[in-house]
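Worksheet: the structure to be examined is printed underneath.
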Amino acid sequence: MRILVVEDDEKTAAFMVKGLNEAGYVVDHAATGRDGLFLATSGDYDAAIVDRMLPALDGLSLIQALRAANIQTPILILSALGQVDDRVSGLRAGGDDYLTKPFAFSELLARVESLLRRRGGSGPETRLTVGDLEMDLLARTVRRGGTLIELQPREFRLLEYLMRHAGQVVTRTMLLENVWDYHFDPQTNVIDVHISRLRQKIDKGFEAPLLHTVRGAGYCIRAAP
Amino acid sequence: MRLHRFFRTTTFRLALLYAVLFSASSLVLFAFIYGTTSVLIAREREQSIAANMASLQDHYAATGLRGLAAAILARAQPNRVGDNIYLLTDPQFRPIAGNGTGWPPLVEQDGPWLTFPIERQLLGEPEVYLAKALHAVLPGGYHLLVGQDMRTQERFRRAIVEALIWSVAITLCLGLVVGLVMSRNTLRRIESINSAAERIMRGELKHRIPGRAGGRAGGDEFDRLTENLNAMLDEIDRLMGSMRTVTHNIAHDLRSPLTRVRNRLESALAGMDESDPRRETVEQAVTEADQLLATFNALLSIADAEAGAGRGDMVPVDLEAVARDVAELYEPLVEERGLFLETRLLGPALVSGNRQLLFQAIANLIDNAVKYAGPGRRISLTVEPGNGRPELVVADDGPGIPASDRSRVLERFVRLDPSRSTPGSGLGLSLVAAIARLHNATLSLEDNHPGLKVRIRFPMPG
């Protein structure tokens, strides 16, 4: 899969390119907004990572130009600005996700993978399956191996998000942002308790655990180990 | 109500005090003038009476009774201007000549000096005055009375009293009016300083005391006070700004290298086998780097909130809904740590605010309660709509905070645990305080008997 990185800071760009290469992606790099726009319109990328502050053409204008040209490549915005309104303006310009600098590479990777998955999604799904775990989105029921599992509404949303990103690492901030709709820094790891409760319900009594903790990064739901 | 405020101003009280003092001093002045002048008048009158008496006695000695009676008749013309009294009687006090109606009833006698009432009609109604006269017994047993009524003195007294009343009344009125005008003026300018101070305390740190209309520079002491206060505020602002900038820069600039370190550790971790014995050490290093980054982020959030970032983007937020979300997120954690979370959400409570920051603030308070109250304790989260002035209360029944430490814990990096063994950065409450200030809300730490009660009172939205 091809990823475009538009970033003017050489160090950050080199580190991202290296990391993404190691993760198995083909990466192109542009150092200015204008070059970035040129590459994005000419090449076929599966995702783009765009810094907000760029020489020649700023990140938000670049994204607006792309969207105006009907190029729907998923875009992750990088920014040194972490304010909530900055996020909102970034997403409103046509970005798909927003990450504040400096970031952990695992966070960037998780978000890029989430973007790539989003692109793959075709039409509204009614059923999610991971191994023998099934989620019926219409009836809002969850079964594992045919056994009905009772979930609280929030547990259902948490599991739904994890299952929609099955096989991918989902970070704690991604869960907070997408399941709880809050972007904040918890002092204690509140998410872990929710995950362990969910794990109790979907994994307890079954031979193969589905919900895994990825150290230093987040969680992942997957059928095979 | 407004008038009441005028009366309480120092200027008005001073003006009133001066008015009273001036009145008192004019009272004393008039009393002195009255005293000395009336003594002078009395003495002069006595001298003139005595001279009159002497001249009549000489007349008697020279011309006898007949001559004296003629002289008295000539002097005591009823139409003659003056207020002299003459009376000549025989030894049995029967009148012979004079303008008195008869021997007068005595009021007071001081040797040859007699004081008695006398009725005089000069213009219009007859009036009764006191008169003073010198009594002499002439050779042959005749009585001669020469005197003057005290009309002049009375008129003089009345004039003095009238002048006194007027002067006191005018002084008091003027004092009152000048006091009101002056205090209104002073009050207006003090008021502008006060309202500016209130706005600055509410967090509008860039606000300054407005100068006087017309922009007269280098004017009175109020202008100088305003200038000095503004200069002082500028200086404080500058110092605070540079301190904030330094803190901000440290946190900001250390974040990037620290993230790089974290990422290098992470990539090292990715290259290690699951069984590698160094793995645990590297993982711990990553966790610690994450904690440091969280501290820096909290510091930056505080700095942002204190700088008033996001003040312009306040929208109506339902505090109750945010509190419900926090409770929902934290309930499993609270339970896992062996505490109870009790929510009392008493209806929608609209505040003008930032949803994310409010969430962060409530989350920090619950987090603190979980950390410091200890297992088995009860945490209560209350949102009261409070008639448009919502109140948020997070209370626990743990050890609480001693009253003497309550204001200190709001400062950055202050932790009451001297060993700093409990996890945390000491920034949680500081961030809550900064967020409360950003929302113009008042944060107070109270005693929950036992435990800590954190109360945040929000202002009316809009």
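Each chain in the structure tokens gets a letter, A, B, ..., in the order shown, and its residues are numbered from 1; ligands are numbered from 1 in order too.
By only C-alpha atoms, and with residues fewer than 4 positions from Ile165 in chain B along its chain excluded, the set lying at most 10 Å from it is Ser23, Ser26, Leu27, Ala159, Ile160, Val161, Ala169, Ile170 and Thr171 of chain B.
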Could you write out as a PyMOL selection string the residues of chain A within 7 Å of chain B, counting only C-alpha atoms? chain A and resi 102-105+182-184+187-188+190+193-194
Give me a file of those residues, with N, CA, C and O atoms, as a PDB file, in the first residue's frame.
ATOM      1  N   PRO A 102       4.220  16.179  19.529  1.00  0.00           N
ATOM      2  CA  PRO A 102       4.884  14.969  19.043  1.00  0.00           C
ATOM      3  C   PRO A 102       4.038  13.746  19.346  1.00  0.00           C
ATOM      4  O   PRO A 102       3.248  13.761  20.262  1.00  0.00           O
ATOM      5  N   PHE A 103       4.197  12.715  18.578  1.00  0.00           N
ATOM      6  CA  PHE A 103       3.354  11.533  18.744  1.00  0.00           C
ATOM      7  C   PHE A 103       4.230  10.298  18.839  1.00  0.00           C
ATOM      8  O   PHE A 103       5.372  10.279  18.374  1.00  0.00           O
ATOM      9  N   ALA A 104       3.680   9.274  19.448  1.00  0.00           N
ATOM     10  CA  ALA A 104       4.368   7.990  19.484  1.00  0.00           C
ATOM     11  C   ALA A 104       4.144   7.333  18.131  1.00  0.00           C
ATOM     12  O   ALA A 104       3.055   7.433  17.574  1.00  0.00           O
ATOM     13  N   PHE A 105       5.184   6.683  17.627  1.00  0.00           N
ATOM     14  CA  PHE A 105       5.032   6.108  16.300  1.00  0.00           C
ATOM     15  C   PHE A 105       3.919   5.060  16.264  1.00  0.00           C
ATOM     16  O   PHE A 105       3.179   4.954  15.289  1.00  0.00           O
ATOM     17  N   TYR A 182     -14.390  11.814  23.542  1.00  0.00           N
ATOM     18  CA  TYR A 182     -13.666  12.846  24.281  1.00  0.00           C
ATOM     19  C   TYR A 182     -12.200  12.732  23.946  1.00  0.00           C
ATOM     20  O   TYR A 182     -11.678  11.618  23.814  1.00  0.00           O
ATOM     21  N   HIS A 183     -11.569  13.890  23.819  1.00  0.00           N
ATOM     22  CA  HIS A 183     -10.138  13.872  23.597  1.00  0.00           C
ATOM     23  C   HIS A 183      -9.480  14.437  24.841  1.00  0.00           C
ATOM     24  O   HIS A 183      -9.485  15.633  25.070  1.00  0.00           O
ATOM     25  N   PHE A 184      -8.993  13.574  25.681  1.00  0.00           N
ATOM     26  CA  PHE A 184      -8.362  14.078  26.901  1.00  0.00           C
ATOM     27  C   PHE A 184      -7.303  13.101  27.379  1.00  0.00           C
ATOM     28  O   PHE A 184      -7.187  11.977  26.873  1.00  0.00           O
ATOM     29  N   GLN A 187      -5.398  10.551  33.754  1.00  0.00           N
ATOM     30  CA  GLN A 187      -4.236  10.384  34.638  1.00  0.00           C
ATOM     31  C   GLN A 187      -4.016   8.911  34.936  1.00  0.00           C
ATOM     32  O   GLN A 187      -2.904   8.447  35.084  1.00  0.00           O
ATOM     33  N   THR A 188      -5.130   8.205  35.043  1.00  0.00           N
ATOM     34  CA  THR A 188      -5.052   6.769  35.308  1.00  0.00           C
ATOM     35  C   THR A 188      -5.583   6.093  34.051  1.00  0.00           C
ATOM     36  O   THR A 188      -6.363   6.687  33.327  1.00  0.00           O
ATOM     37  N   VAL A 190      -8.001   4.525  32.560  1.00  0.00           N
ATOM     38  CA  VAL A 190      -9.390   4.119  32.743  1.00  0.00           C
ATOM     39  C   VAL A 190      -9.834   3.103  31.706  1.00  0.00           C
ATOM     40  O   VAL A 190     -10.692   2.272  31.980  1.00  0.00           O
ATOM     41  N   VAL A 193      -9.634  -0.819  32.411  1.00  0.00           N
ATOM     42  CA  VAL A 193     -10.669  -1.486  33.208  1.00  0.00           C
ATOM     43  C   VAL A 193     -11.852  -1.857  32.326  1.00  0.00           C
ATOM     44  O   VAL A 193     -12.434  -2.929  32.469  1.00  0.00           O
ATOM     45  N   HIS A 194     -12.188  -0.950  31.398  1.00  0.00           N
ATOM     46  CA  HIS A 194     -13.288  -1.254  30.483  1.00  0.00           C
ATOM     47  C   HIS A 194     -12.943  -2.462  29.632  1.00  0.00           C
ATOM     48  O   HIS A 194     -13.777  -3.335  29.408  1.00  0.00           O
TER      49      HIS A 194
END
Surrounding residues of Ile190 in chain B excluding itself and chain neighbours under 6 positions, 12 Å, only C-alpha atoms, as a ChimeraX atom specification: /B:9-11,183-184,196-197,209-212,221-223,225-226
What's around range 109-117 of chain B at 10 Å? Count only C-alpha atoms, leave out sequence neighbours fewer than 4 positions away in its own chain, and write the answer as number ranges by chain. B: 46, 103-105, 128-137, 145-150
With distances taken over only C-alpha atoms, which residue among A:Leu133, A:Val6, A:Ala224, A:Val170 lies nearest Lys201 in chain A? A:Leu133
Spatial neighbours of Gln152 in chain A, 12 Å, only C-alpha atoms, chain gap at least 2 places, as a PyMOL selection string: (chain A and resi 140-142+149-150+154-159+194+197-198+201) or (chain B and resi 328)
DSSP on the backbone: which residues in range 25-111 of chain A end up as strand (DSSP E or B)? Give the answer as a list of chain:residue names.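 Those residues are A:Val26, A:Val27, A:Asp28, A:His29, A:Ala30, A:Ala47, A:Ala48, A:Ile49, A:Val50, A:Asp51, A:Ile75, A:Leu76, A:Ile77, A:Leu78, A:Ser79, A:Asp97, A:Tyr98, A:Leu99, A:Thr100.
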